[in-house]
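Trainee: Data: final06.pdb, PDB, C-alpha atoms.
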```
ATOM      1  CA  GLU D 108      -9.938 -12.553  -1.256  1.00  0.00           C
ATOM      2  CA  ALA D 109      -9.911  -9.575   1.089  1.00  0.00           C
ATOM      3  CA  ASP D 110     -13.237  -8.455   2.535  1.00  0.00           C
ATOM      4  CA  ILE D 111     -12.657  -4.739   2.669  1.00  0.00           C
ATOM      5  CA  TYR D 112     -14.844  -2.372   0.716  1.00  0.00           C
ATOM      6  CA  GLN D 113     -14.558   1.257  -0.254  1.00  0.00           C
ATOM      7  CA  THR D 114     -17.223   3.557  -1.650  1.00  0.00           C
ATOM      8  CA  PRO D 115     -17.407   5.499  -3.818  1.00  0.00           C
ATOM      9  CA  ARG D 116     -14.801   4.140  -6.219  1.00  0.00           C
ATOM     10  CA  TYR D 117     -14.790   7.384  -8.178  1.00  0.00           C
ATOM     11  CA  LEU D 118     -15.971  10.844  -7.117  1.00  0.00           C
ATOM     12  CA  VAL D 119     -15.806  14.171  -8.964  1.00  0.00           C
ATOM     13  CA  ILE D 120     -16.952  17.175  -6.947  1.00  0.00           C
ATOM     14  CA  GLY D 121     -16.624  20.938  -6.839  1.00  0.00           C
ATOM     15  CA  THR D 122     -14.470  22.973  -4.488  1.00  0.00           C
ATOM     16  CA  GLY D 123     -15.915  23.574  -1.052  1.00  0.00           C
ATOM     17  CA  LYS D 124     -18.094  20.470  -0.908  1.00  0.00           C
ATOM     18  CA  LYS D 125     -18.064  18.117   2.062  1.00  0.00           C
ATOM     19  CA  ILE D 126     -17.262  14.511   1.212  1.00  0.00           C
ATOM     20  CA  THR D 127     -17.093  11.238   3.107  1.00  0.00           C
ATOM     21  CA  LEU D 128     -15.205   8.207   1.821  1.00  0.00           C
ATOM     22  CA  GLU D 129     -16.556   4.993   3.272  1.00  0.00           C
ATOM     23  CA  CYS D 130     -14.490   1.964   4.281  1.00  0.00           C
ATOM     24  CA  SER D 131     -15.821  -1.258   5.764  1.00  0.00           C
ATOM     25  CA  GLN D 132     -14.194  -4.589   6.557  1.00  0.00           C
ATOM     26  CA  THR D 133     -15.770  -7.860   7.597  1.00  0.00           C
ATOM     27  CA  MET D 134     -12.630  -9.579   8.907  1.00  0.00           C
ATOM     28  CA  GLY D 135     -12.871  -8.254  12.471  1.00  0.00           C
ATOM     29  CA  HIS D 136      -9.467  -6.556  12.221  1.00  0.00           C
ATOM     30  CA  ASP D 137      -8.668  -4.085  14.977  1.00  0.00           C
ATOM     31  CA  LYS D 138      -6.209  -1.966  13.001  1.00  0.00           C
ATOM     32  CA  MET D 139      -7.296   0.155  10.059  1.00  0.00           C
ATOM     33  CA  TYR D 140      -5.475   2.671   7.917  1.00  0.00           C
ATOM     34  CA  TRP D 141      -6.002   5.353   5.304  1.00  0.00           C
ATOM     35  CA  TYR D 142      -3.249   5.866   2.758  1.00  0.00           C
ATOM     36  CA  GLN D 143      -3.010   8.500   0.051  1.00  0.00           C
ATOM     37  CA  GLN D 144      -1.505   7.484  -3.289  1.00  0.00           C
ATOM     38  CA  ASP D 145      -0.510   9.815  -6.116  1.00  0.00           C
ATOM     39  CA  PRO D 146       0.848   8.591  -9.477  1.00  0.00           C
ATOM     40  CA  GLY D 147       4.486   7.509  -9.245  1.00  0.00           C
ATOM     41  CA  MET D 148       4.639   8.272  -5.553  1.00  0.00           C
ATOM     42  CA  GLU D 149       4.805   6.032  -2.518  1.00  0.00           C
ATOM     43  CA  LEU D 150       1.755   5.405  -0.374  1.00  0.00           C
ATOM     44  CA  HIS D 151       1.572   7.914   2.473  1.00  0.00           C
ATOM     45  CA  LEU D 152      -0.184   7.095   5.742  1.00  0.00           C
ATOM     46  CA  ILE D 153      -2.699   9.823   6.603  1.00  0.00           C
ATOM     47  CA  HIS D 154      -4.736   8.153   9.370  1.00  0.00           C
ATOM     48  CA  TYR D 155      -4.428   5.135  11.614  1.00  0.00           C
ATOM     49  CA  SER D 156      -6.752   3.422  14.064  1.00  0.00           C
ATOM     50  CA  TYR D 157      -5.800   0.891  16.723  1.00  0.00           C
ATOM     51  CA  GLY D 158      -9.426   0.051  17.432  1.00  0.00           C
ATOM     52  CA  VAL D 159     -12.774   1.539  18.345  1.00  0.00           C
ATOM     53  CA  ASN D 160     -12.517   5.187  19.470  1.00  0.00           C
ATOM     54  CA  SER D 161      -8.749   5.211  18.824  1.00  0.00           C
ATOM     55  CA  THR D 162      -7.400   7.226  15.890  1.00  0.00           C
ATOM     56  CA  GLU D 163      -4.130   8.967  15.094  1.00  0.00           C
ATOM     57  CA  LYS D 164      -2.897  11.178  12.322  1.00  0.00           C
ATOM     58  CA  GLY D 165      -0.376   9.624   9.995  1.00  0.00           C
ATOM     59  CA  ASP D 166       2.982  10.708   8.666  1.00  0.00           C
ATOM     60  CA  LEU D 167       1.525  12.882   5.912  1.00  0.00           C
ATOM     61  CA  SER D 168      -0.389  15.923   7.085  1.00  0.00           C
ATOM     62  CA  SER D 169      -3.973  15.824   5.913  1.00  0.00           C
ATOM     63  CA  GLU D 170      -6.946  18.114   6.362  1.00  0.00           C
ATOM     64  CA  SER D 171      -9.225  15.095   6.470  1.00  0.00           C
ATOM     65  CA  THR D 172     -10.663  13.574   9.639  1.00  0.00           C
ATOM     66  CA  VAL D 173     -11.656  10.025  10.531  1.00  0.00           C
ATOM     67  CA  SER D 174     -13.825   8.261  13.065  1.00  0.00           C
ATOM     68  CA  ARG D 175     -13.980   4.691  14.380  1.00  0.00           C
ATOM     69  CA  ILE D 176     -17.127   4.031  16.358  1.00  0.00           C
ATOM     70  CA  ARG D 177     -17.474   0.458  15.080  1.00  0.00           C
ATOM     71  CA  THR D 178     -14.725  -2.077  14.467  1.00  0.00           C
ATOM     72  CA  GLU D 179     -15.782  -2.667  10.889  1.00  0.00           C
ATOM     73  CA  HIS D 180     -16.230   0.947   9.775  1.00  0.00           C
ATOM     74  CA  PHE D 181     -13.576   3.638   9.248  1.00  0.00           C
ATOM     75  CA  PRO D 182     -14.883   6.603   7.229  1.00  0.00           C
ATOM     76  CA  LEU D 183     -12.755   9.551   6.107  1.00  0.00           C
ATOM     77  CA  THR D 184     -14.274  13.038   5.835  1.00  0.00           C
ATOM     78  CA  LEU D 185     -13.176  16.231   4.113  1.00  0.00           C
ATOM     79  CA  GLU D 186     -15.219  19.205   5.356  1.00  0.00           C
ATOM     80  CA  SER D 187     -14.336  21.467   2.444  1.00  0.00           C
ATOM     81  CA  ALA D 188     -12.702  19.830  -0.559  1.00  0.00           C
ATOM     82  CA  ARG D 189     -10.049  21.655  -2.580  1.00  0.00           C
ATOM     83  CA  PRO D 190      -8.250  20.739  -5.831  1.00  0.00           C
ATOM     84  CA  SER D 191      -5.148  19.853  -3.761  1.00  0.00           C
ATOM     85  CA  HIS D 192      -7.177  16.983  -2.273  1.00  0.00           C
ATOM     86  CA  THR D 193      -7.373  15.283  -5.668  1.00  0.00           C
ATOM     87  CA  SER D 194      -5.810  11.866  -5.158  1.00  0.00           C
ATOM     88  CA  GLN D 195      -6.423   8.155  -4.684  1.00  0.00           C
ATOM     89  CA  TYR D 196      -7.364   7.182  -1.136  1.00  0.00           C
ATOM     90  CA  LEU D 197      -6.728   3.598  -0.062  1.00  0.00           C
ATOM     91  CA  CYS D 198      -8.202   1.996   3.041  1.00  0.00           C
ATOM     92  CA  ALA D 199      -6.532  -1.030   4.626  1.00  0.00           C
ATOM     93  CA  SER D 200      -6.840  -3.256   7.665  1.00  0.00           C
ATOM     94  CA  SER D 201      -4.616  -5.704   9.504  1.00  0.00           C
ATOM     95  CA  VAL D 202      -4.613  -8.118  12.389  1.00  0.00           C
ATOM     96  CA  GLY D 203      -1.145  -7.157  13.591  1.00  0.00           C
ATOM     97  CA  ALA D 204       0.517  -3.934  12.479  1.00  0.00           C
ATOM     98  CA  SER D 205       4.070  -4.961  13.256  1.00  0.00           C
ATOM     99  CA  THR D 206       4.187  -7.675  10.646  1.00  0.00           C
ATOM    100  CA  GLY D 207       2.868  -5.526   7.862  1.00  0.00           C
ATOM    101  CA  GLU D 208       0.275  -7.836   6.347  1.00  0.00           C
ATOM    102  CA  LEU D 209      -2.285  -5.349   5.165  1.00  0.00           C
ATOM    103  CA  PHE D 210      -5.495  -6.000   3.293  1.00  0.00           C
ATOM    104  CA  PHE D 211      -6.407  -3.127   0.992  1.00  0.00           C
ATOM    105  CA  GLY D 212      -9.657  -1.971  -0.508  1.00  0.00           C
ATOM    106  CA  GLU D 213      -9.849  -1.074  -4.177  1.00  0.00           C
ATOM    107  CA  GLY D 214      -9.479   2.633  -3.491  1.00  0.00           C
ATOM    108  CA  SER D 215     -11.516   5.801  -3.890  1.00  0.00           C
ATOM    109  CA  ARG D 216     -10.325   8.137  -6.598  1.00  0.00           C
ATOM    110  CA  LEU D 217     -11.281  11.714  -5.728  1.00  0.00           C
ATOM    111  CA  THR D 218     -11.161  14.598  -8.185  1.00  0.00           C
ATOM    112  CA  VAL D 219     -11.930  18.096  -6.922  1.00  0.00           C
ATOM    113  CA  LEU D 220     -12.603  20.678  -9.605  1.00  0.00           C
TER     114      LEU D 220
ATOM    115  CA  GLN Z 156      15.855  11.658   2.121  1.00  0.00           C
ATOM    116  CA  LYS Z 157      13.369   8.871   1.506  1.00  0.00           C
ATOM    117  CA  GLU Z 158      13.666   5.829   3.747  1.00  0.00           C
ATOM    118  CA  VAL Z 159      12.904   3.500   0.840  1.00  0.00           C
ATOM    119  CA  GLU Z 160      14.025   4.008  -2.763  1.00  0.00           C
ATOM    120  CA  GLN Z 161      12.531   2.117  -5.688  1.00  0.00           C
ATOM    121  CA  ASP Z 162      13.116   2.570  -9.407  1.00  0.00           C
ATOM    122  CA  PRO Z 163       9.740   3.643 -10.882  1.00  0.00           C
ATOM    123  CA  GLY Z 164      10.301   2.061 -14.283  1.00  0.00           C
ATOM    124  CA  PRO Z 165       8.380   1.389 -16.422  1.00  0.00           C
ATOM    125  CA  LEU Z 166      10.068  -1.928 -17.059  1.00  0.00           C
ATOM    126  CA  SER Z 167       9.019  -3.673 -20.270  1.00  0.00           C
ATOM    127  CA  VAL Z 168      10.019  -7.305 -20.879  1.00  0.00           C
ATOM    128  CA  PRO Z 169       8.958 -10.065 -23.299  1.00  0.00           C
ATOM    129  CA  GLU Z 170       6.854 -12.955 -22.074  1.00  0.00           C
ATOM    130  CA  GLY Z 171       9.017 -15.663 -20.484  1.00  0.00           C
ATOM    131  CA  ALA Z 172      11.757 -13.292 -19.330  1.00  0.00           C
ATOM    132  CA  ILE Z 173      13.202 -13.222 -15.826  1.00  0.00           C
ATOM    133  CA  VAL Z 174      12.345  -9.980 -14.088  1.00  0.00           C
ATOM    134  CA  SER Z 175      14.328  -8.397 -11.258  1.00  0.00           C
ATOM    135  CA  LEU Z 176      12.757  -5.671  -9.124  1.00  0.00           C
ATOM    136  CA  ASN Z 177      14.714  -3.928  -6.393  1.00  0.00           C
ATOM    137  CA  CYS Z 178      14.515  -1.554  -3.432  1.00  0.00           C
ATOM    138  CA  THR Z 179      17.117   0.016  -1.207  1.00  0.00           C
ATOM    139  CA  TYR Z 180      16.467   1.377   2.233  1.00  0.00           C
ATOM    140  CA  SER Z 181      18.308   3.484   4.783  1.00  0.00           C
ATOM    141  CA  ASN Z 182      16.851   2.453   8.153  1.00  0.00           C
ATOM    142  CA  SER Z 183      18.664  -0.625   9.514  1.00  0.00           C
ATOM    143  CA  ALA Z 184      15.828  -1.216  12.017  1.00  0.00           C
ATOM    144  CA  PHE Z 185      13.539  -2.659   9.335  1.00  0.00           C
ATOM    145  CA  GLN Z 186      12.873  -6.347  10.006  1.00  0.00           C
ATOM    146  CA  TYR Z 187       9.908  -7.398   7.865  1.00  0.00           C
ATOM    147  CA  PHE Z 188       9.985  -6.959   4.120  1.00  0.00           C
ATOM    148  CA  MET Z 189       7.095  -7.287   1.722  1.00  0.00           C
ATOM    149  CA  TRP Z 190       6.231  -7.034  -1.930  1.00  0.00           C
ATOM    150  CA  TYR Z 191       2.777  -5.902  -2.890  1.00  0.00           C
ATOM    151  CA  ARG Z 192       1.322  -6.148  -6.388  1.00  0.00           C
ATOM    152  CA  GLN Z 193      -1.115  -3.514  -7.582  1.00  0.00           C
ATOM    153  CA  TYR Z 194      -3.115  -3.898 -10.768  1.00  0.00           C
ATOM    154  CA  SER Z 195      -4.456  -0.812 -12.496  1.00  0.00           C
ATOM    155  CA  ARG Z 196      -7.421   0.716 -10.636  1.00  0.00           C
ATOM    156  CA  LYS Z 197      -7.117  -1.809  -7.805  1.00  0.00           C
ATOM    157  CA  GLY Z 198      -5.693  -1.777  -4.289  1.00  0.00           C
ATOM    158  CA  PRO Z 199      -2.345  -3.423  -3.511  1.00  0.00           C
ATOM    159  CA  GLU Z 200      -2.316  -7.109  -2.560  1.00  0.00           C
ATOM    160  CA  LEU Z 201       0.379  -8.887  -0.595  1.00  0.00           C
ATOM    161  CA  LEU Z 202       2.559 -11.019  -2.854  1.00  0.00           C
ATOM    162  CA  MET Z 203       5.620 -11.993  -0.821  1.00  0.00           C
ATOM    163  CA  TYR Z 204       6.616 -11.627   2.806  1.00  0.00           C
ATOM    164  CA  THR Z 205      10.081 -12.129   4.315  1.00  0.00           C
ATOM    165  CA  TYR Z 206      11.425 -11.745   7.792  1.00  0.00           C
ATOM    166  CA  SER Z 207      15.055 -10.594   8.135  1.00  0.00           C
ATOM    167  CA  SER Z 208      17.713 -11.701   5.629  1.00  0.00           C
ATOM    168  CA  GLY Z 209      17.476 -14.602   3.232  1.00  0.00           C
ATOM    169  CA  ASN Z 210      15.446 -15.951   0.354  1.00  0.00           C
ATOM    170  CA  LYS Z 211      11.847 -17.030   0.042  1.00  0.00           C
ATOM    171  CA  GLU Z 212      10.362 -18.779  -2.948  1.00  0.00           C
ATOM    172  CA  ASP Z 213       6.714 -19.114  -3.945  1.00  0.00           C
ATOM    173  CA  GLY Z 214       6.102 -20.581  -7.373  1.00  0.00           C
ATOM    174  CA  ARG Z 215       7.574 -18.254  -9.987  1.00  0.00           C
ATOM    175  CA  PHE Z 216       8.384 -15.593  -7.381  1.00  0.00           C
ATOM    176  CA  THR Z 217      11.520 -15.326  -5.228  1.00  0.00           C
ATOM    177  CA  ALA Z 218      12.103 -12.612  -2.648  1.00  0.00           C
ATOM    178  CA  GLN Z 219      15.608 -11.841  -1.410  1.00  0.00           C
ATOM    179  CA  VAL Z 220      16.675  -9.683   1.503  1.00  0.00           C
ATOM    180  CA  ASP Z 221      20.253  -8.549   2.114  1.00  0.00           C
ATOM    181  CA  LYS Z 222      20.202  -6.589   5.348  1.00  0.00           C
ATOM    182  CA  SER Z 223      23.939  -5.931   5.282  1.00  0.00           C
ATOM    183  CA  SER Z 224      23.503  -4.007   2.018  1.00  0.00           C
ATOM    184  CA  LYS Z 225      20.010  -2.711   2.877  1.00  0.00           C
ATOM    185  CA  TYR Z 226      18.764  -4.140  -0.398  1.00  0.00           C
ATOM    186  CA  ILE Z 227      15.754  -6.271  -1.271  1.00  0.00           C
ATOM    187  CA  SER Z 228      14.800  -7.913  -4.542  1.00  0.00           C
ATOM    188  CA  LEU Z 229      11.880  -9.677  -6.147  1.00  0.00           C
ATOM    189  CA  PHE Z 230      12.551 -12.091  -9.013  1.00  0.00           C
ATOM    190  CA  ILE Z 231       9.817 -13.282 -11.355  1.00  0.00           C
ATOM    191  CA  ARG Z 232      10.635 -16.309 -13.501  1.00  0.00           C
ATOM    192  CA  ASP Z 233       8.845 -17.123 -16.754  1.00  0.00           C
ATOM    193  CA  SER Z 234       7.032 -13.784 -16.654  1.00  0.00           C
ATOM    194  CA  GLN Z 235       3.477 -13.701 -18.014  1.00  0.00           C
ATOM    195  CA  PRO Z 236       1.330 -10.850 -19.391  1.00  0.00           C
ATOM    196  CA  SER Z 237      -0.824 -11.291 -16.276  1.00  0.00           C
ATOM    197  CA  ASP Z 238       2.195 -10.176 -14.213  1.00  0.00           C
ATOM    198  CA  SER Z 239       1.851  -6.683 -15.708  1.00  0.00           C
ATOM    199  CA  ALA Z 240       1.233  -4.475 -12.689  1.00  0.00           C
ATOM    200  CA  THR Z 241       2.961  -2.068 -10.319  1.00  0.00           C
ATOM    201  CA  TYR Z 242       5.114  -3.768  -7.695  1.00  0.00           C
ATOM    202  CA  LEU Z 243       5.540  -1.995  -4.367  1.00  0.00           C
ATOM    203  CA  CYS Z 244       8.164  -2.905  -1.819  1.00  0.00           C
ATOM    204  CA  ALA Z 245       7.279  -2.248   1.807  1.00  0.00           C
ATOM    205  CA  MET Z 246       8.923  -2.742   5.157  1.00  0.00           C
ATOM    206  CA  ILE Z 247       8.366  -2.339   8.878  1.00  0.00           C
ATOM    207  CA  TYR Z 248       9.939  -3.103  12.261  1.00  0.00           C
ATOM    208  CA  THR Z 249       8.355  -4.191  15.514  1.00  0.00           C
ATOM    209  CA  GLY Z 250       6.776  -1.221  17.255  1.00  0.00           C
ATOM    210  CA  ARG Z 251       6.406   0.916  14.153  1.00  0.00           C
ATOM    211  CA  ARG Z 252       2.740   1.546  13.556  1.00  0.00           C
ATOM    212  CA  ALA Z 253       2.571   1.208   9.775  1.00  0.00           C
ATOM    213  CA  LEU Z 254       4.426   0.095   6.672  1.00  0.00           C
ATOM    214  CA  THR Z 255       6.858   2.302   4.757  1.00  0.00           C
ATOM    215  CA  PHE Z 256       6.360   1.855   1.028  1.00  0.00           C
ATOM    216  CA  GLY Z 257       8.548   2.404  -2.002  1.00  0.00           C
ATOM    217  CA  SER Z 258       7.064   4.372  -4.876  1.00  0.00           C
ATOM    218  CA  GLY Z 259       6.478   1.239  -6.968  1.00  0.00           C
ATOM    219  CA  THR Z 260       7.905  -0.156 -10.222  1.00  0.00           C
ATOM    220  CA  ARG Z 261       5.533  -0.489 -13.158  1.00  0.00           C
ATOM    221  CA  LEU Z 262       6.100  -3.748 -15.048  1.00  0.00           C
ATOM    222  CA  GLN Z 263       4.771  -4.554 -18.496  1.00  0.00           C
ATOM    223  CA  VAL Z 264       5.155  -8.070 -19.868  1.00  0.00           C
ATOM    224  CA  GLN Z 265       4.680  -8.113 -23.624  1.00  0.00           C
ATOM    225  CA  PRO Z 266       3.042 -11.223 -25.145  1.00  0.00           C
TER     226      PRO Z 266
END
```
Take the structure in the file and write it out as structure tokens.

Mentor:
Amino acid sequence: EADIYQTPRYLVIGTGKKITLECSQTMGHDKMYWYQQDPGMELHLIHYSYGVNSTEKGDLSSESTVSRIRTEHFPLTLESARPSHTSQYLCASSVGASTGELFFGEGSRLTVL
Amino acid sequence: QKEVEQDPGPLSVPEGAIVSLNCTYSNSAFQYFMWYRQYSRKGPELLMYTYSSGNKEDGRFTAQVDKSSKYISLFIRDSQPSDSATYLCAMIYTGRRALTFGSGTRLQVQP
């Protein structure tokens, strides 16, 4: 069983609020990812981290930001949420990116009213 | 054009049926091919993993990769209601930073 945790699982907030989605893993993996998933659509990479203090934007443009000051922690922040940010956000980690074996959290489902 | 195409379904089959799930892709550089299973309100979990062309079997599951046709398949034998989930194909090549996913096929196995 994967040891990667996301909180909150569900969040409903109003437009303009600042939100942080938490992601923690206890496996000591260097690489961590944030994917966005909408119904019937493929997972889109929005952020990637190679390790501490190393982050990159993903293939899908996102107004969110991330930080990685500890190996185990990779939070995602939206400074001012909008209805277009409504989606499922999935956090994942891996030992080696090139082989594609990712461990996913259960997801954070965000609804912005 | 999407790099990976996957029929979204839903696919509904009776218990015990053989299920075939498929993806096509356009980038011949892909080397590693995966199937992830995602239950409702959960994150995806790795189900099968194959490197390059060929078959791999694990219990009731068989993954096939045909690189010449850019086509991958997942077969489920003796399908069970507990197999009801969304199945995502994914692939990557050495040096690429993250997986490319298909959009997923929703499978329902009727008891």

Trainee: Return the single residue from D:Pro182, D:Arg189, D:Gln195, D:Lys164 that is closest to Pro146 in chain D, with distances computed using all atoms listed in the file.

Mentor: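 Smallest separation from Pro146 in chain D among the options: D:Gln195.
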
Trainee: Between CA of Ser183 in chain Z and CA of Leu152 in chain D, measure the distance and give it in Å to one decimal.

Mentor: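 These two atoms are separated by 20.7 Å.
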
Trainee: Step by step, work through what the ChimeraX specification (/D :<9) & /Z selects in the shown file, and finish by giving those residues as a ChimeraX atom specification.

Mentor: /Z:163,186-189,196-201,204,206,243,245-261

Trainee: Counting only C-alpha atoms, which residues have an atom no more than 6 Å from (2.9, -2.2, -15.5) in the file's coordinates? Please list them as JSON, numbers by chain.

Mentor: {"Z": [239, 240, 241, 261, 262, 263]}

Trainee: One decimal, Å: what's the distance from CA of Lys125 in chain D over to CA of Ser195 in chain Z, could you say?

Mentor: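 Computing it gives 27.5 Å between the two atoms.
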
Trainee: Just so the selection is clear, what residues does the PyMOL selection byres ((chain D and resi 117-121) around 7) cover here, as a list in words?

Mentor: Pro115, Arg116, Thr122, Gly123, Lys124, Ser215, Arg216, Leu217, Thr218, Val219 and Leu220 of chain D

Trainee: Limited to C-alpha atoms, could you put the picked residues into a file as a PDB file, in the coordinates of the input?

Mentor:
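Saved as out-v7.pdb:
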```
ATOM      1  CA  PRO D 115     -17.407   5.499  -3.818  1.00  0.00           C
ATOM      2  CA  ARG D 116     -14.801   4.140  -6.219  1.00  0.00           C
ATOM      3  CA  THR D 122     -14.470  22.973  -4.488  1.00  0.00           C
ATOM      4  CA  GLY D 123     -15.915  23.574  -1.052  1.00  0.00           C
ATOM      5  CA  LYS D 124     -18.094  20.470  -0.908  1.00  0.00           C
ATOM      6  CA  SER D 215     -11.516   5.801  -3.890  1.00  0.00           C
ATOM      7  CA  ARG D 216     -10.325   8.137  -6.598  1.00  0.00           C
ATOM      8  CA  LEU D 217     -11.281  11.714  -5.728  1.00  0.00           C
ATOM      9  CA  THR D 218     -11.161  14.598  -8.185  1.00  0.00           C
ATOM     10  CA  VAL D 219     -11.930  18.096  -6.922  1.00  0.00           C
ATOM     11  CA  LEU D 220     -12.603  20.678  -9.605  1.00  0.00           C
TER      12      LEU D 220
END
```

Trainee: One decimal, Å: what's the distance from CA of Phe230 in chain Z over to CA of Asp162 in chain Z, could you say?

Mentor: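 Here the two named atoms are 14.7 Å from each other.
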
Trainee: Could you state which residues are captured by the PyMOL selection byres ((chain Z and resi 177) around 8) in this file, as a PyMOL selection string?

Mentor: chain Z and resi 161-162+175-176+178-179+226-229

Trainee: If you take every atom of range 186-198 of chain D that the file lists and fit an axis-aligned box around them with 3 Å extra on each side, what centre and edge lengths come out in Å to one decimal, as AutoDock Vina command-line options?

Mentor:
```
--center_x -10.2 --center_y 11.8 --center_z -0.2 --size_x 16.1 --size_y 25.7 --size_z 17.2
```

Trainee: What's around Val264 in chain Z at 6 Å? Count all atoms listed in the file, leave out sequence neighbours fewer than 5 positions away in its own chain, and write the answer as an MDAnalysis selection string.

Mentor: chainID Z and resid 167:170 236 239

Trainee: Name all residues at most 9 Å from Ile231 in chain Z (count only C-alpha atoms; drop same-chain ones fewer than 5 positions away) and give them as a ChimeraX atom specification.

Mentor: /Z:172-176,215-217,238

Trainee: Go through D:Val159, D:Ile111, D:Ala188, D:Cys130 one by one, measure the shortest atom-to-atom distance of each to Ile176 in chain D using all atoms listed in the file, and give the residue with the smallest value.

Mentor: D:Val159

Trainee: Atoms are missing here; could range 190-196 of chain Z be completed with all heavy atoms and written as a compact mmCIF listing (two decimals), keeping the file's coordinate frame?

Mentor:
```
# COMPACT_ATOMS: atom_id res chain seq x y z
N TRP Z 190 6.52 -7.50 -0.58
CA TRP Z 190 6.23 -7.03 -1.93
C TRP Z 190 4.73 -7.10 -2.13
O TRP Z 190 4.10 -8.14 -1.88
CB TRP Z 190 6.95 -7.88 -2.97
CG TRP Z 190 8.42 -7.64 -3.00
CD1 TRP Z 190 9.39 -8.33 -2.33
CD2 TRP Z 190 9.09 -6.62 -3.73
NE1 TRP Z 190 10.62 -7.79 -2.59
CE2 TRP Z 190 10.47 -6.74 -3.45
CE3 TRP Z 190 8.68 -5.61 -4.61
CZ2 TRP Z 190 11.43 -5.90 -4.01
CZ3 TRP Z 190 9.64 -4.77 -5.17
CH2 TRP Z 190 10.99 -4.92 -4.87
N TYR Z 191 4.18 -5.98 -2.54
CA TYR Z 191 2.78 -5.90 -2.89
C TYR Z 191 2.66 -5.72 -4.40
O TYR Z 191 3.46 -5.04 -5.02
CB TYR Z 191 2.10 -4.71 -2.19
CG TYR Z 191 1.78 -4.96 -0.73
CD1 TYR Z 191 2.75 -4.86 0.25
CD2 TYR Z 191 0.49 -5.31 -0.35
CE1 TYR Z 191 2.45 -5.08 1.59
CE2 TYR Z 191 0.17 -5.54 0.98
CZ TYR Z 191 1.16 -5.42 1.94
OH TYR Z 191 0.86 -5.66 3.26
N ARG Z 192 1.61 -6.30 -4.96
CA ARG Z 192 1.32 -6.15 -6.39
C ARG Z 192 0.04 -5.34 -6.51
O ARG Z 192 -0.95 -5.60 -5.81
CB ARG Z 192 1.15 -7.52 -7.04
CG ARG Z 192 0.79 -7.49 -8.51
CD ARG Z 192 0.78 -8.90 -9.08
NE ARG Z 192 -0.20 -9.73 -8.41
CZ ARG Z 192 -0.24 -11.06 -8.50
NH1 ARG Z 192 0.67 -11.70 -9.24
NH2 ARG Z 192 -1.16 -11.73 -7.86
N GLN Z 193 0.06 -4.36 -7.38
CA GLN Z 193 -1.12 -3.51 -7.58
C GLN Z 193 -1.47 -3.45 -9.06
O GLN Z 193 -0.72 -2.89 -9.87
CB GLN Z 193 -0.86 -2.10 -7.04
CG GLN Z 193 -2.08 -1.20 -7.10
CD GLN Z 193 -1.85 0.16 -6.45
OE1 GLN Z 193 -0.71 0.60 -6.30
NE2 GLN Z 193 -2.92 0.83 -6.05
N TYR Z 194 -2.61 -4.02 -9.40
CA TYR Z 194 -3.12 -3.90 -10.77
C TYR Z 194 -3.78 -2.53 -10.94
O TYR Z 194 -4.20 -1.90 -9.96
CB TYR Z 194 -4.11 -5.01 -11.08
CG TYR Z 194 -3.48 -6.39 -11.18
CD1 TYR Z 194 -3.77 -7.39 -10.26
CD2 TYR Z 194 -2.60 -6.69 -12.22
CE1 TYR Z 194 -3.20 -8.65 -10.35
CE2 TYR Z 194 -2.03 -7.95 -12.33
CZ TYR Z 194 -2.33 -8.91 -11.38
OH TYR Z 194 -1.76 -10.15 -11.48
N SER Z 195 -3.88 -2.11 -12.20
CA SER Z 195 -4.46 -0.81 -12.50
C SER Z 195 -5.86 -0.69 -11.91
O SER Z 195 -6.68 -1.61 -12.05
CB SER Z 195 -4.50 -0.62 -14.01
OG SER Z 195 -5.04 0.63 -14.34
N ARG Z 196 -6.11 0.42 -11.22
CA ARG Z 196 -7.42 0.72 -10.64
C ARG Z 196 -7.84 -0.27 -9.55
O ARG Z 196 -9.03 -0.48 -9.29
CB ARG Z 196 -8.50 0.82 -11.71
CG ARG Z 196 -8.29 1.97 -12.66
CD ARG Z 196 -9.42 2.11 -13.66
NE ARG Z 196 -9.28 3.30 -14.48
CZ ARG Z 196 -8.50 3.36 -15.55
NH1 ARG Z 196 -7.81 2.34 -15.93
NH2 ARG Z 196 -8.41 4.50 -16.23
```
